[in-house]
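To be precise, the following lines are my_file.pdb, and they hold PDB, C-alpha atoms.
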```
ATOM      1  CA  MET A   1     118.348  65.216 172.019  1.00  0.00           C
ATOM      2  CA  ALA A   2     120.109  65.546 168.691  1.00  0.00           C
ATOM      3  CA  ALA A   3     123.860  66.085 168.592  1.00  0.00           C
ATOM      4  CA  VAL A   4     125.302  69.279 167.142  1.00  0.00           C
ATOM      5  CA  GLY A   5     124.975  69.284 163.371  1.00  0.00           C
ATOM      6  CA  GLU A   6     122.304  66.546 163.350  1.00  0.00           C
ATOM      7  CA  THR A   7     118.720  67.155 162.398  1.00  0.00           C
ATOM      8  CA  THR A   8     115.854  65.220 163.887  1.00  0.00           C
ATOM      9  CA  HIS A   9     113.191  64.082 161.480  1.00  0.00           C
ATOM     10  CA  ARG A  10     109.800  64.128 163.091  1.00  0.00           C
ATOM     11  CA  ALA A  11     107.194  62.407 160.969  1.00  0.00           C
ATOM     12  CA  GLN A  12     104.546  64.687 159.514  1.00  0.00           C
ATOM     13  CA  PRO A  13     100.997  64.355 160.881  1.00  0.00           C
ATOM     14  CA  ILE A  14      98.696  62.269 158.681  1.00  0.00           C
ATOM     15  CA  ARG A  15      95.929  64.558 157.398  1.00  0.00           C
ATOM     16  CA  ILE A  16      92.460  63.024 157.572  1.00  0.00           C
ATOM     17  CA  THR A  17      90.237  66.089 157.198  1.00  0.00           C
ATOM     18  CA  GLY A  18      90.790  69.822 157.499  1.00  0.00           C
ATOM     19  CA  THR A  19      90.520  69.599 161.287  1.00  0.00           C
ATOM     20  CA  ILE A  20      91.672  66.047 162.057  1.00  0.00           C
ATOM     21  CA  ALA A  21      95.258  64.825 161.744  1.00  0.00           C
ATOM     22  CA  LEU A  22      96.767  61.646 163.232  1.00  0.00           C
ATOM     23  CA  ASP A  23     100.151  61.705 164.906  1.00  0.00           C
ATOM     24  CA  PRO A  24     102.321  58.949 163.324  1.00  0.00           C
ATOM     25  CA  ASP A  25     103.647  58.121 166.820  1.00  0.00           C
ATOM     26  CA  GLU A  26     100.165  56.813 167.695  1.00  0.00           C
ATOM     27  CA  ILE A  27     100.420  54.145 164.989  1.00  0.00           C
ATOM     28  CA  GLU A  28     102.343  50.980 165.770  1.00  0.00           C
ATOM     29  CA  GLU A  29     103.461  48.659 162.966  1.00  0.00           C
ATOM     30  CA  THR A  30     104.716  45.109 163.344  1.00  0.00           C
ATOM     31  CA  PHE A  31     105.896  42.920 160.509  1.00  0.00           C
ATOM     32  CA  VAL A  32     104.972  39.252 160.331  1.00  0.00           C
ATOM     33  CA  ARG A  33     105.253  36.498 157.782  1.00  0.00           C
ATOM     34  CA  ALA A  34     102.480  36.628 155.225  1.00  0.00           C
ATOM     35  CA  ALA A  35     100.207  33.669 154.595  1.00  0.00           C
ATOM     36  CA  GLY A  36      99.370  32.337 151.154  1.00  0.00           C
ATOM     37  CA  PRO A  37     101.325  31.908 147.936  1.00  0.00           C
ATOM     38  CA  GLY A  38     104.673  33.519 147.212  1.00  0.00           C
ATOM     39  CA  GLY A  39     107.156  30.695 146.821  1.00  0.00           C
ATOM     40  CA  GLN A  40     110.467  30.663 148.648  1.00  0.00           C
ATOM     41  CA  HIS A  41     110.379  34.446 149.155  1.00  0.00           C
ATOM     42  CA  VAL A  42     107.347  34.316 151.493  1.00  0.00           C
ATOM     43  CA  ASN A  43     109.055  31.813 153.797  1.00  0.00           C
ATOM     44  CA  THR A  44     112.059  34.049 154.439  1.00  0.00           C
ATOM     45  CA  THR A  45     110.697  37.597 154.750  1.00  0.00           C
ATOM     46  CA  SER A  46     108.201  39.324 157.010  1.00  0.00           C
ATOM     47  CA  THR A  47     106.240  41.318 154.464  1.00  0.00           C
ATOM     48  CA  ALA A  48     102.808  41.350 156.092  1.00  0.00           C
ATOM     49  CA  VAL A  49     102.048  44.443 158.161  1.00  0.00           C
ATOM     50  CA  GLN A  50      99.983  44.489 161.329  1.00  0.00           C
ATOM     51  CA  LEU A  51      99.004  48.088 162.030  1.00  0.00           C
ATOM     52  CA  ARG A  52      97.710  48.995 165.508  1.00  0.00           C
ATOM     53  CA  PHE A  53      95.992  52.261 166.410  1.00  0.00           C
ATOM     54  CA  ASP A  54      94.608  52.941 169.892  1.00  0.00           C
ATOM     55  CA  VAL A  55      91.215  54.464 169.120  1.00  0.00           C
ATOM     56  CA  ARG A  56      90.034  54.929 172.723  1.00  0.00           C
ATOM     57  CA  HIS A  57      93.126  56.777 173.957  1.00  0.00           C
ATOM     58  CA  SER A  58      94.004  58.784 170.854  1.00  0.00           C
ATOM     59  CA  PRO A  59      94.257  62.527 171.559  1.00  0.00           C
ATOM     60  CA  SER A  60      93.901  63.210 167.814  1.00  0.00           C
ATOM     61  CA  LEU A  61      90.270  62.118 167.571  1.00  0.00           C
ATOM     62  CA  PRO A  62      87.223  64.099 168.736  1.00  0.00           C
ATOM     63  CA  ASP A  63      84.740  62.089 170.837  1.00  0.00           C
ATOM     64  CA  ASP A  64      82.028  61.854 168.153  1.00  0.00           C
ATOM     65  CA  VAL A  65      84.533  60.586 165.556  1.00  0.00           C
ATOM     66  CA  ARG A  66      85.942  58.104 168.100  1.00  0.00           C
ATOM     67  CA  GLN A  67      82.474  56.635 168.749  1.00  0.00           C
ATOM     68  CA  ARG A  68      81.679  56.314 165.031  1.00  0.00           C
ATOM     69  CA  LEU A  69      85.103  54.758 164.372  1.00  0.00           C
ATOM     70  CA  GLU A  70      84.546  52.157 167.092  1.00  0.00           C
ATOM     71  CA  ARG A  71      81.231  51.229 165.471  1.00  0.00           C
ATOM     72  CA  LEU A  72      82.749  51.109 161.964  1.00  0.00           C
ATOM     73  CA  ALA A  73      85.763  49.038 163.058  1.00  0.00           C
ATOM     74  CA  GLY A  74      83.604  46.107 164.158  1.00  0.00           C
ATOM     75  CA  ARG A  75      85.664  42.942 164.736  1.00  0.00           C
ATOM     76  CA  ARG A  76      88.921  44.743 163.947  1.00  0.00           C
ATOM     77  CA  LEU A  77      88.680  46.546 167.315  1.00  0.00           C
ATOM     78  CA  THR A  78      90.035  44.738 170.386  1.00  0.00           C
ATOM     79  CA  ARG A  79      88.330  44.839 173.786  1.00  0.00           C
ATOM     80  CA  SER A  80      90.834  47.452 174.938  1.00  0.00           C
ATOM     81  CA  GLY A  81      89.911  49.728 172.004  1.00  0.00           C
ATOM     82  CA  VAL A  82      92.879  49.087 169.709  1.00  0.00           C
ATOM     83  CA  LEU A  83      92.154  48.952 165.984  1.00  0.00           C
ATOM     84  CA  VAL A  84      94.157  46.184 164.261  1.00  0.00           C
ATOM     85  CA  LEU A  85      94.552  46.183 160.471  1.00  0.00           C
ATOM     86  CA  VAL A  86      96.507  43.468 158.649  1.00  0.00           C
ATOM     87  CA  ALA A  87      97.783  44.007 155.102  1.00  0.00           C
ATOM     88  CA  GLN A  88      99.465  41.100 153.343  1.00  0.00           C
ATOM     89  CA  GLY A  89      98.227  41.312 149.761  1.00  0.00           C
ATOM     90  CA  GLU A  90     101.497  42.559 148.302  1.00  0.00           C
ATOM     91  CA  ARG A  91     104.928  40.910 148.180  1.00  0.00           C
ATOM     92  CA  SER A  92     106.637  44.121 149.257  1.00  0.00           C
ATOM     93  CA  GLN A  93     106.708  45.269 152.875  1.00  0.00           C
ATOM     94  CA  LEU A  94     106.596  48.903 151.771  1.00  0.00           C
ATOM     95  CA  ARG A  95     103.459  48.409 149.652  1.00  0.00           C
ATOM     96  CA  ASN A  96     101.774  46.503 152.491  1.00  0.00           C
ATOM     97  CA  ARG A  97     102.606  49.383 154.870  1.00  0.00           C
ATOM     98  CA  GLU A  98     101.115  51.875 152.416  1.00  0.00           C
ATOM     99  CA  GLU A  99      97.989  49.747 151.990  1.00  0.00           C
ATOM    100  CA  ALA A 100      97.467  49.372 155.759  1.00  0.00           C
ATOM    101  CA  LEU A 101      97.920  53.112 156.301  1.00  0.00           C
ATOM    102  CA  ALA A 102      95.544  53.927 153.427  1.00  0.00           C
ATOM    103  CA  ARG A 103      92.911  51.617 154.954  1.00  0.00           C
ATOM    104  CA  LEU A 104      93.314  53.321 158.349  1.00  0.00           C
ATOM    105  CA  VAL A 105      92.956  56.778 156.786  1.00  0.00           C
ATOM    106  CA  ALA A 106      89.872  55.677 154.809  1.00  0.00           C
ATOM    107  CA  LEU A 107      88.265  54.246 157.959  1.00  0.00           C
ATOM    108  CA  VAL A 108      88.912  57.403 160.013  1.00  0.00           C
ATOM    109  CA  ARG A 109      87.655  59.582 157.114  1.00  0.00           C
ATOM    110  CA  ALA A 110      84.435  57.575 156.993  1.00  0.00           C
ATOM    111  CA  ALA A 111      84.031  58.007 160.758  1.00  0.00           C
ATOM    112  CA  ALA A 112      84.732  61.750 160.485  1.00  0.00           C
ATOM    113  CA  ARG A 113      81.758  62.209 158.159  1.00  0.00           C
ATOM    114  CA  PRO A 114      78.737  62.955 160.388  1.00  0.00           C
ATOM    115  CA  PRO A 115      75.607  60.943 159.600  1.00  0.00           C
ATOM    116  CA  ILE A 116      72.892  62.717 157.622  1.00  0.00           C
ATOM    117  CA  PRO A 117      69.959  63.369 159.961  1.00  0.00           C
ATOM    118  CA  ARG A 118      66.737  61.624 159.029  1.00  0.00           C
ATOM    119  CA  LYS A 119      63.898  63.892 157.975  1.00  0.00           C
ATOM    120  CA  LYS A 120      60.548  62.846 159.362  1.00  0.00           C
ATOM    121  CA  THR A 121      57.889  62.419 156.714  1.00  0.00           C
ATOM    122  CA  LYS A 122      54.148  61.922 156.941  1.00  0.00           C
ATOM    123  CA  PRO A 123      52.314  59.385 154.795  1.00  0.00           C
ATOM    124  CA  THR A 124      50.159  60.992 152.107  1.00  0.00           C
ATOM    125  CA  LYS A 125      46.366  60.798 152.193  1.00  0.00           C
ATOM    126  CA  ALA A 126      46.390  58.586 149.092  1.00  0.00           C
ATOM    127  CA  SER A 127      48.882  56.130 150.626  1.00  0.00           C
ATOM    128  CA  LYS A 128      46.743  55.908 153.805  1.00  0.00           C
ATOM    129  CA  ARG A 129      43.654  55.238 151.687  1.00  0.00           C
ATOM    130  CA  ARG A 130      45.489  52.541 149.655  1.00  0.00           C
ATOM    131  CA  ARG A 131      46.680  50.846 152.842  1.00  0.00           C
ATOM    132  CA  LEU A 132      43.153  50.791 154.322  1.00  0.00           C
ATOM    133  CA  ASP A 133      41.653  49.544 151.034  1.00  0.00           C
ATOM    134  CA  ASP A 134      44.216  46.727 150.910  1.00  0.00           C
ATOM    135  CA  LYS A 135      43.440  45.800 154.522  1.00  0.00           C
ATOM    136  CA  LYS A 136      39.699  45.730 153.777  1.00  0.00           C
ATOM    137  CA  ARG A 137      40.232  43.593 150.651  1.00  0.00           C
ATOM    138  CA  HIS A 138      42.450  41.148 152.551  1.00  0.00           C
ATOM    139  CA  GLY A 139      39.919  40.916 155.423  1.00  0.00           C
ATOM    140  CA  THR A 140      37.081  40.193 152.967  1.00  0.00           C
ATOM    141  CA  LEU A 141      39.167  37.484 151.311  1.00  0.00           C
ATOM    142  CA  LYS A 142      39.870  35.855 154.677  1.00  0.00           C
ATOM    143  CA  SER A 143      36.202  35.993 155.738  1.00  0.00           C
ATOM    144  CA  LEU A 144      35.261  34.060 152.563  1.00  0.00           C
ATOM    145  CA  ARG A 145      37.537  31.235 153.738  1.00  0.00           C
ATOM    146  CA  GLY A 146      35.217  30.538 156.679  1.00  0.00           C
ATOM    147  CA  ALA A 147      33.546  27.168 157.376  1.00  0.00           C
ATOM    148  CA  ARG A 148      30.928  26.061 154.820  1.00  0.00           C
ATOM    149  CA  PRO A 149      27.427  25.154 155.933  1.00  0.00           C
ATOM    150  CA  PRO A 150      26.903  21.375 156.325  1.00  0.00           C
ATOM    151  CA  VAL A 151      25.543  19.527 153.223  1.00  0.00           C
ATOM    152  CA  GLU A 152      22.162  17.798 153.761  1.00  0.00           C
TER     153      GLU A 152
END
```
Please re-express this file's structure in structure tokens.
Amino acid sequence: MAAVGETTHRAQPIRITGTIALDPDEIEETFVRAAGPGGQHVNTTSTAVQLRFDVRHSPSLPDDVRQRLERLAGRRLTRSGVLVLVAQGERSQLRNREEALARLVALVRAAARPPIPRKKTKPTKASKRRRLDDKKRHGTLKSLRGARPPVE
């Protein structure tokens, strides 16, 4: 509870689509030392960001989006259903946080887009005829490869 005169700052929900918004409290960030070049700076600061988002238990995601997100996440999803994103491309912790969050939003947006249903099509008469003609031609060619009669 906030004391008298204090205001509590609750983080704004992260808008994904018109109907989907992620609660920032569902996202957990840890800061680790980044690998790679960077000189003395990289050895002393934890600029890399490891963002964790529990996909399976998130109340913000509808079931269909959750299933598509689990498929899209691939190896970045743990067995318990937690999505782990690591951003360490920048030298600044703030920019790495922004990059990790942007990648999470992009991934959830991609999962929120429903797949386009496949329209069944029938092969045309001409394509059927071409296929059968090709089969006949190939069969004739193979029959010509048969054993030759013995030479006397």
Need the shell around segment 111-123 of chain A: protein/DNA/RNA residues with any atom at most 6 Å away, counting all atoms listed in the file. Skip same-chain ones fewer than 6 positions apart. Format as a list in words?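 Within the cut-off, the hits are Val65, Arg68 and Leu69 of chain A.
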Could you jot down the atom CA of Ile20 of chain A to atom CA of Thr47 of chain A separation for me, Å, one decimal place? 29.7 Å
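Counting all atoms listed in the file, the residue from A:Ser60, A:Gln67, A:Thr78, A:Thr124 that sits nearest to Thr19 of chain A is A:Ser60.
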Would you work out the distance separating atom CA of Arg56 of chain A from atom CA of Asn96 of chain A, expressed in Å to one decimal?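 Between atom CA of Arg56 of chain A and atom CA of Asn96 of chain A the gap works out to 24.9 Å.
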Report, in Å with one decimal, the straight-line distance from atom CA of Arg33 of chain A to atom CA of Arg79 of chain A.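 Atom CA of Arg33 of chain A sits 24.7 Å away from atom CA of Arg79 of chain A.
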Non-local contacts of Gly89 of chain A (9 Å; all atoms listed in the file; under 5 positions in same chain excluded) as a PDB file with C-alpha atoms, keeping the file's coordinate frame:
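And here's out-v3.pdb as it stands now:
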```
ATOM      1  CA  ALA A  34     102.480  36.628 155.225  1.00  0.00           C
ATOM      2  CA  ALA A  48     102.808  41.350 156.092  1.00  0.00           C
ATOM      3  CA  ARG A  95     103.459  48.409 149.652  1.00  0.00           C
ATOM      4  CA  ASN A  96     101.774  46.503 152.491  1.00  0.00           C
ATOM      5  CA  GLU A  99      97.989  49.747 151.990  1.00  0.00           C
TER       6      GLU A  99
END
```
Distance query Glu29 of chain A at most 7 Å, all atoms listed in the file, self and fewer than 6 positions along chain excluded, as a list in words: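 Skipping anything fewer than 6 positions along the chain leaves Val49, Gln50, Leu51 and Arg52 of chain A.
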Report as a count of residues only all protein, DNA and RNA residues lying within 12 Å of Leu104 of chain A, evaluated on all atoms listed in the file, omitting residues in the same chain fewer than 5 positions from it. 28
Edge lengths and centre in Å to one decimal, as AutoDock Vina command-line options, is what I'm after for the box along x, y and z that holds all listed atoms of segment 19-30 of chain A once 8 Å is added on each side.
```
--center_x 97.6 --center_y 57.4 --center_z 164.5 --size_x 30.2 --size_y 40.5 --size_z 22.4
```
For Gly81 of chain A, the nearest of the candidates A:Leu141, A:Ser58, A:Arg103, A:Asp63, counting all atoms listed in the file: A:Ser58
Would you please work out which residue, of A:Val82, A:Ala21, A:Gly74, A:Gly146, is nearest to Val105 of chain A when using only C-alpha atoms?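 Checking each of A:Val82, A:Ala21, A:Gly74, A:Gly146 against Val105 of chain A, counting only C-alpha atoms, the winner is A:Ala21.
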